[in-house]
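Participant: Sharing structure_14.pdb (PDB, C-alpha atoms, pLDDT in the B column) below.
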MODEL        1
ATOM      1  CA  MET H  20       6.654 -42.681  -9.485  1.00 48.00           C
ATOM      2  CA  LEU H  21       5.694 -39.467 -11.229  1.00 44.00           C
ATOM      3  CA  GLU H  22       2.542 -38.998  -9.153  1.00 49.00           C
ATOM      4  CA  PRO H  23       4.271 -37.652  -5.976  1.00 45.00           C
ATOM      5  CA  PHE H  24       6.102 -35.025  -8.053  1.00 43.00           C
ATOM      6  CA  LEU H  25       2.837 -34.010  -9.700  1.00 39.00           C
ATOM      7  CA  ILE H  26       1.142 -33.597  -6.314  1.00 43.00           C
ATOM      8  CA  ILE H  27       4.080 -31.611  -4.936  1.00 44.00           C
ATOM      9  CA  GLY H  28       4.102 -29.429  -8.056  1.00 40.00           C
ATOM     10  CA  LEU H  29       0.399 -28.693  -7.710  1.00 36.00           C
ATOM     11  CA  LEU H  30       0.837 -27.822  -4.028  1.00 38.00           C
ATOM     12  CA  ILE H  31       3.679 -25.438  -4.859  1.00 39.00           C
ATOM     13  CA  VAL H  32       1.786 -23.745  -7.670  1.00 38.00           C
ATOM     14  CA  GLY H  33      -1.350 -23.516  -5.545  1.00 38.00           C
ATOM     15  CA  GLY H  34       0.614 -22.084  -2.632  1.00 37.00           C
ATOM     16  CA  ILE H  35       2.518 -19.534  -4.699  1.00 35.00           C
ATOM     17  CA  GLY H  36      -0.131 -18.475  -7.177  1.00 35.00           C
ATOM     18  CA  GLY H  37      -3.083 -19.250  -4.980  1.00 35.00           C
ATOM     19  CA  CYS H  38      -6.611 -18.224  -5.731  1.00 35.00           C
ATOM     20  CA  GLN H  39      -6.975 -14.511  -5.152  1.00 35.00           C
ATOM     21  CA  THR H  40     -10.500 -13.461  -4.389  1.00 34.00           C
ATOM     22  CA  PRO H  41     -11.257 -10.209  -6.248  1.00 39.00           C
ATOM     23  CA  GLY H  42     -11.434  -7.248  -3.906  1.00 41.00           C
ATOM     24  CA  VAL H  43      -9.412  -8.950  -1.170  1.00 39.00           C
ATOM     25  CA  SER H  44      -6.172  -7.191  -0.355  1.00 41.00           C
ATOM     26  CA  PRO H  45      -2.992  -9.221  -0.525  1.00 42.00           C
ATOM     27  CA  PRO H  46      -1.162  -9.861   2.745  1.00 43.00           C
ATOM     28  CA  LEU H  47       1.449  -7.376   3.875  1.00 47.00           C
ATOM     29  CA  GLY H  48       4.034 -10.002   4.783  1.00 46.00           C
ATOM     30  CA  ASP H  49       6.349  -9.129   1.877  1.00 49.00           C
ATOM     31  CA  ALA H  50       5.298  -5.517   1.562  1.00 60.00           C
ATOM     32  CA  SER H  51       7.591  -2.644   0.897  1.00 89.00           C
ATOM     33  CA  SER H  52       7.628  -0.231   3.803  1.00 93.00           C
ATOM     34  CA  ALA H  53       8.742   3.276   4.715  1.00 93.00           C
ATOM     35  CA  ARG H  54       8.547   5.715   7.598  1.00 93.00           C
ATOM     36  CA  SER H  55       7.691   9.366   7.200  1.00 92.00           C
ATOM     37  CA  LEU H  56       7.107  12.293   9.523  1.00 90.00           C
ATOM     38  CA  GLY H  57       3.815  14.020   8.928  1.00 90.00           C
ATOM     39  CA  ASP H  58       0.457  15.091  10.248  1.00 90.00           C
ATOM     40  CA  ARG H  59      -1.993  12.217  10.620  1.00 89.00           C
ATOM     41  CA  SER H  60      -4.744  14.480   9.262  1.00 90.00           C
ATOM     42  CA  ASP H  61      -2.832  14.666   5.956  1.00 93.00           C
ATOM     43  CA  ILE H  62      -2.481  10.930   5.357  1.00 95.00           C
ATOM     44  CA  GLU H  63      -5.532  10.544   3.113  1.00 96.00           C
ATOM     45  CA  ALA H  64      -4.582  13.577   0.995  1.00 95.00           C
ATOM     46  CA  ALA H  65      -0.988  12.353   0.672  1.00 96.00           C
ATOM     47  CA  VAL H  66      -2.115   8.866  -0.340  1.00 97.00           C
ATOM     48  CA  ALA H  67      -4.581  10.301  -2.889  1.00 97.00           C
ATOM     49  CA  ALA H  68      -1.794  12.388  -4.454  1.00 96.00           C
ATOM     50  CA  GLY H  69       0.680   9.493  -4.483  1.00 96.00           C
ATOM     51  CA  VAL H  70      -1.836   7.061  -5.923  1.00 97.00           C
ATOM     52  CA  ASP H  71      -2.774   9.544  -8.648  1.00 96.00           C
ATOM     53  CA  LYS H  72       0.867  10.143  -9.580  1.00 95.00           C
ATOM     54  CA  CYS H  73       1.474   6.381  -9.794  1.00 95.00           C
ATOM     55  CA  ALA H  74      -1.611   5.786 -11.988  1.00 96.00           C
ATOM     56  CA  LEU H  75      -3.376   3.686  -9.359  1.00 97.00           C
ATOM     57  CA  ALA H  76      -6.924   3.906  -8.039  1.00 97.00           C
ATOM     58  CA  ILE H  77      -8.268   3.846  -4.492  1.00 97.00           C
ATOM     59  CA  ALA H  78     -11.075   1.279  -4.326  1.00 97.00           C
ATOM     60  CA  GLY H  79     -11.789   1.720  -0.623  1.00 97.00           C
ATOM     61  CA  VAL H  80     -10.542   2.997   2.717  1.00 98.00           C
ATOM     62  CA  ARG H  81     -10.911   1.352   6.122  1.00 98.00           C
ATOM     63  CA  ARG H  82     -10.343   3.601   9.136  1.00 96.00           C
ATOM     64  CA  GLU H  83      -9.390   2.120  12.503  1.00 96.00           C
ATOM     65  CA  PRO H  84      -7.745   3.698  15.536  1.00 94.00           C
ATOM     66  CA  GLY H  85      -4.106   4.233  14.577  1.00 93.00           C
ATOM     67  CA  LEU H  86      -4.481   2.600  11.156  1.00 96.00           C
ATOM     68  CA  LEU H  87      -5.739   3.523   7.698  1.00 97.00           C
ATOM     69  CA  THR H  88      -5.964   0.755   5.093  1.00 98.00           C
ATOM     70  CA  PHE H  89      -6.367   1.719   1.438  1.00 98.00           C
ATOM     71  CA  THR H  90      -7.519  -0.930  -1.023  1.00 98.00           C
ATOM     72  CA  LEU H  91      -5.947  -0.133  -4.397  1.00 97.00           C
ATOM     73  CA  LEU H  92      -6.246  -1.216  -8.003  1.00 97.00           C
ATOM     74  CA  THR H  93      -3.460  -1.165 -10.580  1.00 95.00           C
ATOM     75  CA  PRO H  94      -4.138  -0.115 -14.206  1.00 93.00           C
ATOM     76  CA  LYS H  95      -4.350  -3.826 -15.078  1.00 93.00           C
ATOM     77  CA  GLY H  96      -6.981  -4.451 -12.388  1.00 94.00           C
ATOM     78  CA  GLN H  97      -4.564  -6.159  -9.981  1.00 95.00           C
ATOM     79  CA  PRO H  98      -5.309  -5.747  -6.257  1.00 96.00           C
ATOM     80  CA  GLY H  99      -3.131  -3.670  -3.998  1.00 97.00           C
ATOM     81  CA  VAL H 100      -3.072  -2.349  -0.476  1.00 97.00           C
ATOM     82  CA  LEU H 101      -1.391   0.503   1.356  1.00 97.00           C
ATOM     83  CA  THR H 102      -1.523   0.851   5.116  1.00 97.00           C
ATOM     84  CA  ALA H 103      -0.578   3.848   7.207  1.00 97.00           C
ATOM     85  CA  SER H 104      -0.148   3.195  10.913  1.00 96.00           C
ATOM     86  CA  PHE H 105       0.514   5.827  13.553  1.00 93.00           C
ATOM     87  CA  ASP H 106       0.249   6.743  17.224  1.00 89.00           C
ATOM     88  CA  GLU H 107      -3.221   8.234  17.467  1.00 81.00           C
ATOM     89  CA  SER H 108      -2.387  10.310  20.557  1.00 82.00           C
ATOM     90  CA  ASN H 109       0.171  12.426  18.682  1.00 77.00           C
ATOM     91  CA  PRO H 110      -1.013  14.559  15.723  1.00 66.00           C
ATOM     92  CA  ASP H 111       2.526  15.272  14.401  1.00 69.00           C
ATOM     93  CA  ILE H 112       4.063  11.859  14.201  1.00 82.00           C
ATOM     94  CA  GLU H 113       6.051   9.192  12.500  1.00 91.00           C
ATOM     95  CA  ILE H 114       3.818   7.353  10.057  1.00 95.00           C
ATOM     96  CA  ARG H 115       4.683   3.803   8.996  1.00 95.00           C
ATOM     97  CA  LEU H 116       3.644   3.052   5.432  1.00 97.00           C
ATOM     98  CA  GLU H 117       3.425  -0.445   3.960  1.00 97.00           C
ATOM     99  CA  THR H 118       2.277  -1.409   0.495  1.00 96.00           C
ATOM    100  CA  ARG H 119       1.846  -4.389  -1.765  1.00 96.00           C
ATOM    101  CA  LEU H 120       0.850  -4.015  -5.411  1.00 96.00           C
ATOM    102  CA  GLY H 121      -0.294  -6.851  -7.639  1.00 93.00           C
ATOM    103  CA  ARG H 122      -0.807 -10.474  -6.773  1.00 91.00           C
ATOM    104  CA  PHE H 123       2.924 -11.154  -6.617  1.00 90.00           C
ATOM    105  CA  GLY H 124       4.190  -7.726  -5.604  1.00 92.00           C
ATOM    106  CA  ASN H 125       6.051  -5.171  -7.694  1.00 93.00           C
ATOM    107  CA  ALA H 126       9.028  -3.762  -5.808  1.00 94.00           C
ATOM    108  CA  ALA H 127       9.669  -0.851  -8.192  1.00 94.00           C
ATOM    109  CA  ALA H 128       6.034   0.309  -8.244  1.00 95.00           C
ATOM    110  CA  GLU H 129       5.733  -0.150  -4.475  1.00 96.00           C
ATOM    111  CA  ARG H 130       8.874   1.942  -3.858  1.00 95.00           C
ATOM    112  CA  GLU H 131       7.582   4.664  -6.200  1.00 96.00           C
ATOM    113  CA  LEU H 132       4.247   4.819  -4.374  1.00 97.00           C
ATOM    114  CA  LEU H 133       5.888   4.967  -0.950  1.00 96.00           C
ATOM    115  CA  ASP H 134       8.287   7.688  -2.129  1.00 95.00           C
ATOM    116  CA  ARG H 135       5.423   9.797  -3.516  1.00 96.00           C
ATOM    117  CA  VAL H 136       3.239   9.433  -0.417  1.00 96.00           C
ATOM    118  CA  SER H 137       6.190  10.198   1.879  1.00 95.00           C
ATOM    119  CA  GLU H 138       7.139  13.216  -0.219  1.00 94.00           C
ATOM    120  CA  ARG H 139       3.603  14.577  -0.053  1.00 94.00           C
ATOM    121  CA  LEU H 140       3.425  14.028   3.710  1.00 94.00           C
ATOM    122  CA  ARG H 141       6.622  16.093   4.051  1.00 92.00           C
ATOM    123  CA  GLN H 142       5.167  18.862   1.850  1.00 92.00           C
ATOM    124  CA  LEU H 143       1.995  19.056   3.963  1.00 91.00           C
ATOM    125  CA  ARG H 144       3.686  18.767   7.361  1.00 90.00           C
ATOM    126  CA  GLY H 145       2.871  21.742   9.591  1.00 84.00           C
ATOM    127  CA  VAL H 146       0.917  23.695   6.952  1.00 83.00           C
ATOM    128  CA  SER H 147      -2.763  23.799   6.092  1.00 77.00           C
ATOM    129  CA  VAL H 148      -2.192  23.707   2.304  1.00 76.00           C
ATOM    130  CA  ALA H 149       0.774  23.212   0.021  1.00 77.00           C
ATOM    131  CA  PRO H 150       1.134  23.244  -3.764  1.00 72.00           C
ATOM    132  CA  LEU H 151       1.507  19.824  -5.275  1.00 75.00           C
ATOM    133  CA  ARG H 152       5.077  19.685  -6.629  1.00 70.00           C
ATOM    134  CA  TRP H 153       6.372  16.551  -8.287  1.00 62.00           C
TER     135      TRP H 153
ENDMDL
END
Before we go any further, please render this structure as structure tokens.

Facilitator:
Amino acid sequence: MLEPFLIIGLLIVGGIGGCQTPGVSPPLGDASSARSLGDRSDIEAAVAAGVDKCALAIAGVRREPGLLTFTLLTPKGQPGVLTASFDESNPDIEIRLETRLGRFGNAAAERELLDRVSERLRQLRGVSVAPLRW
């Protein structure tokens, strides 16, 4: 009688916790997201500034047409990902940002990162350089 509950429990735990392969970004299904106006050429600089301010590290960047994917690490070594998608034909555009930090997400940290990256994109919009002001 107890065996079916044990099997169901293991399936639930396996499905929720899952086995996370190190270095593999978590899915963006439950990611926090934001939209920001900015120059697509400033995305990497804005992400670097936001990541630094949030005490994260960039472990890698994948560049595709209309999409930049940043693999991140938290201070505790948890995986994270931030994507920036945009219309490649327009240099001054709306940029959609999505992020997921940690194996189970962290809404507060994700919101902070998105706010910082969006803020930096606004500071850099239409100028070649801008002082970093937090």

Participant: Can you list, as a list in words, the residues that the PyMOL selection byres ((chain H and resi 82) around 12) selects here?

Facilitator: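 Applied to this file, the PyMOL selection byres ((chain H and resi 82) around 12) returns Ile62, Glu63, Gly79, Val80, Arg81, Glu83, Pro84, Gly85, Leu86, Leu87, Thr88, Phe89, Thr90, Thr102, Ala103, Ser104, Phe105 and Glu107 of chain H.
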
Participant: Compare H:Ala67, H:Leu75, H:Val148, H:Val136 by their minimum atom-to-atom distance to Gly99 in chain H, counting all atoms listed in the file, and give me the closest one.

Facilitator: H:Leu75

Participant: Considering all atoms listed in the file, state which residue in the set H:Leu116, H:Ala127, H:Leu92, H:Val146 is at the smallest distance from Asp71 in chain H.

Facilitator: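 Nearest candidate to Asp71 in chain H out of H:Leu116, H:Ala127, H:Leu92, H:Val146: H:Leu92.
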
Participant: List as a PyMOL selection string the residues having at least one atom at most 10 Å from position (5.9, 15.3, 3.8) as given in the file, counting only C-alpha atoms.

Facilitator: chain H and resi 55-58+61-62+65+134-145

Participant: Residues around (0.3, 7.8, 12.5), cut-off 6 Å, counting all atoms listed in the file - what are they as a PyMOL selection string?

Facilitator: chain H and resi 59+104-106+112-114

Participant: Given 6 Å of margin on each side, can you work out the centre and size in Å (one decimal) of an axis-aligned box holding every listed atom of range 141-147 of chain H, as lines of an AutoDock Vina configuration file?

Facilitator:
center_x = 1.9
center_y = 19.9
center_z = 5.7
size_x = 21.4
size_y = 19.7
size_z = 19.7

Participant: Can you list, as a list in words, the residues that the PyMOL selection byres ((chain H and resi 74) around 12) selects here?

Facilitator: Ala67, Ala68, Gly69, Val70, Asp71, Lys72, Cys73, Leu75, Ala76, Ile77, Leu91, Leu92, Thr93, Pro94, Lys95, Gly96, Ala128, Glu131, Leu132 and Arg135 of chain H

Participant: Just how far from CA of Glu129 in chain H is CA of Arg152 in chain H, in Å to one decimal?

Facilitator: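 Rounded to one decimal, the two atoms are 20.0 Å apart.
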
Participant: List, as a list in words, every residue that the PyMOL selection byres ((chain H and resi 117) around 9) selects in the file provided.

Facilitator: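 Matching residues under the PyMOL selection byres ((chain H and resi 117) around 9) are Leu47, Ala50, Ser51, Ser52, Ala53, Arg54, Val100, Leu101, Thr102, Ala103, Ser104, Arg115, Leu116, Thr118, Arg119, Glu129 and Leu133 of chain H.
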
Participant: To one decimal in Å, tell me the separation between CA of Ser147 in chain H and CA of Asn109 in chain H.

Facilitator: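 CA of Asn109 in chain H lies 17.2 Å from CA of Ser147 in chain H.
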